[in-house]
Amino acid sequence: MTTATWNGTVIAESDDIVTVEGNAYFPRDAVRDDVLRPSDTHSVCPWKGTASYYTLEVDGQVNRDAAWIYPEPKDAAREITGRVAFWKGVEVR
């Protein structure tokens, strides 16, 4: 089981992980809804497409734009469609 932890709290866990460029992408339904806050931040990858971000909030602590998702990636990255990855201090094991 792969888990993502931040601020001492497990925020995602799944056996169904896709790894791309060293990042573990979790199925969206494996990520706790109660810790995700939508963000207006977006970024563009030349081969994956446009990513949308989430801010994490756990026990009153906020980690801005610490999770991202490719809702409609380019064909080369279709395996990560709708999956969530983390950074900014989120520990994935």
# chains A, B, ... in the order shown; residues from 1 in each chain; ligands from 1
$ residues_around --residues "A:Phe86" --least-positions-apart "3" --cutoff "10 Å" --atoms "only C-alpha atoms" --output "list in words"
Ala4, Thr5, Trp6, Ala12, Asn23, Ala24, Tyr25, Phe26, Tyr53, Tyr54, Leu56, Asp65, Ala66, Ala67, Trp68, Ile69, Gly89, Val90, Glu91 and Val92 of chain A
$ closest_residue --among "A:Gly60, A:Gly8, A:Gly82, A:Pro73" --to "A:Ser43" --atoms "only C-alpha atoms"
A:Pro73
$ closest_residue --among "A:Thr3, A:Asp40, A:Arg93, A:Glu79" --to "A:Val18" --atoms "only C-alpha atoms"
A:Glu79
$ atom_distance --atom1 "atom CA of A:Asn63" --atom2 "atom CA of A:Lys88"
7.4 Å
$ select_by_dssp --residues "chain A" --states "strand (DSSP E or B)" --output "VMD selection string"
chain A and resid 2 to 6 9 to 14 18 to 20 23 to 27 31 36 to 45 49 to 58 61 to 70 81 83 to 86 91 to 92
$ residues_around --residues "A:Ala77" --least-positions-apart "4" --cutoff "10 Å" --atoms "only C-alpha atoms" --output "tab-separated table (two decimals) with C-alpha atoms, in the first residue's frame"
chain	number	residue	atom	x	y	z
A	20	VAL	CA	5.54	9.29	-13.84
A	47	TRP	CA	3.91	16.47	-22.97
A	48	LYS	CA	1.35	16.01	-20.16
A	49	GLY	CA	-0.83	19.08	-20.67
A	70	TYR	CA	-4.31	16.41	-14.89
A	72	GLU	CA	-7.54	16.03	-19.36
A	73	PRO	CA	-3.90	15.22	-20.12
A	81	THR	CA	-6.02	11.14	-16.20
$ select_by_dssp --residues "chain A" --states "helix (DSSP H, G or I)" --output "list of chain:residue names"
A:Arg28, A:Asp29, A:Ala30, A:Asp33, A:Asp34, A:Val35, A:Asp75, A:Ala76, A:Ala77, A:Arg78, A:Glu79, A:Ile80
$ decode --residues "chain A" --atoms "C-alpha atoms" --output "compact mmCIF listing (two decimals), in the first residue's frame"
# COMPACT_ATOMS: atom_id res chain seq x y z
CA MET A 1 0.00 0.00 0.00
CA THR A 2 1.38 3.41 -0.97
CA THR A 3 0.50 6.28 1.36
CA ALA A 4 0.80 10.06 1.19
CA THR A 5 1.22 11.79 4.56
CA TRP A 6 1.38 15.46 5.49
CA ASN A 7 1.34 17.13 8.88
CA GLY A 8 1.23 13.69 10.53
CA THR A 9 -1.97 12.68 8.73
CA VAL A 10 -2.49 10.12 5.97
CA ILE A 11 -4.15 12.02 3.15
CA ALA A 12 -4.13 9.29 0.49
CA GLU A 13 -3.50 5.56 0.20
CA SER A 14 -3.82 3.05 -2.60
CA ASP A 15 -2.32 -0.03 -4.21
CA ASP A 16 -3.20 1.43 -7.63
CA ILE A 17 -0.34 3.89 -8.24
CA VAL A 18 0.99 5.19 -11.55
CA THR A 19 4.51 6.61 -11.35
CA VAL A 20 5.54 9.29 -13.84
CA GLU A 21 8.78 11.28 -13.60
CA GLY A 22 9.27 10.01 -10.04
CA ASN A 23 5.84 11.17 -8.87
CA ALA A 24 3.25 8.73 -7.52
CA TYR A 25 -0.20 9.45 -8.97
CA PHE A 26 -3.06 8.25 -6.77
CA PRO A 27 -6.58 7.56 -8.02
CA ARG A 28 -8.69 10.61 -7.13
CA ASP A 29 -11.01 8.51 -4.96
CA ALA A 30 -8.01 7.36 -2.88
CA VAL A 31 -7.39 10.95 -1.71
CA ARG A 32 -9.33 12.32 1.26
CA ASP A 33 -11.82 14.97 0.13
CA ASP A 34 -11.78 16.69 3.52
CA VAL A 35 -8.14 17.82 3.16
CA LEU A 36 -8.31 19.17 -0.42
CA ARG A 37 -9.15 22.77 -1.24
CA PRO A 38 -9.44 23.85 -4.89
CA SER A 39 -6.78 26.29 -6.09
CA ASP A 40 -6.77 28.70 -9.02
CA THR A 41 -3.21 27.63 -9.87
CA HIS A 42 -2.48 25.85 -13.15
CA SER A 43 0.71 24.83 -14.91
CA VAL A 44 1.47 23.46 -18.36
CA CYS A 45 3.75 20.55 -19.19
CA PRO A 46 4.66 20.20 -22.88
CA TRP A 47 3.91 16.47 -22.97
CA LYS A 48 1.35 16.01 -20.16
CA GLY A 49 -0.83 19.08 -20.67
CA THR A 50 -2.43 21.42 -18.13
CA ALA A 51 -2.36 20.59 -14.42
CA SER A 52 -4.79 21.96 -11.85
CA TYR A 53 -3.73 22.29 -8.21
CA TYR A 54 -5.18 21.73 -4.77
CA THR A 55 -4.16 23.25 -1.45
CA LEU A 56 -3.99 20.84 1.49
CA GLU A 57 -5.48 21.72 4.86
CA VAL A 58 -4.86 19.43 7.83
CA ASP A 59 -5.56 20.39 11.44
CA GLY A 60 -5.60 24.08 10.55
CA GLN A 61 -2.26 23.92 8.72
CA VAL A 62 -2.27 24.94 5.05
CA ASN A 63 0.08 23.70 2.30
CA ARG A 64 -0.69 25.77 -0.80
CA ASP A 65 -0.75 24.03 -4.17
CA ALA A 66 0.76 20.84 -2.71
CA ALA A 67 -1.29 18.49 -4.91
CA TRP A 68 -2.00 18.48 -8.62
CA ILE A 69 -4.15 16.64 -11.12
CA TYR A 70 -4.31 16.41 -14.89
CA PRO A 71 -8.07 16.32 -15.58
CA GLU A 72 -7.54 16.03 -19.36
CA PRO A 73 -3.90 15.22 -20.12
CA LYS A 74 -2.44 14.86 -23.58
CA ASP A 75 -2.52 11.37 -25.12
CA ALA A 76 1.08 10.65 -24.06
CA ALA A 77 0.02 10.95 -20.40
CA ARG A 78 -3.48 9.50 -20.53
CA GLU A 79 -2.55 6.95 -17.81
CA ILE A 80 -2.62 9.75 -15.21
CA THR A 81 -6.02 11.14 -16.20
CA GLY A 82 -7.79 12.30 -13.04
CA ARG A 83 -5.00 11.08 -10.74
CA VAL A 84 -3.49 13.17 -7.95
CA ALA A 85 0.20 13.65 -7.14
CA PHE A 86 1.86 15.53 -4.28
CA TRP A 87 4.93 17.59 -3.41
CA LYS A 88 5.88 20.41 -0.99
CA GLY A 89 6.66 18.23 2.00
CA VAL A 90 4.06 15.54 1.43
CA GLU A 91 5.73 12.20 2.18
CA VAL A 92 4.87 9.36 -0.19
CA ARG A 93 5.88 5.84 0.82
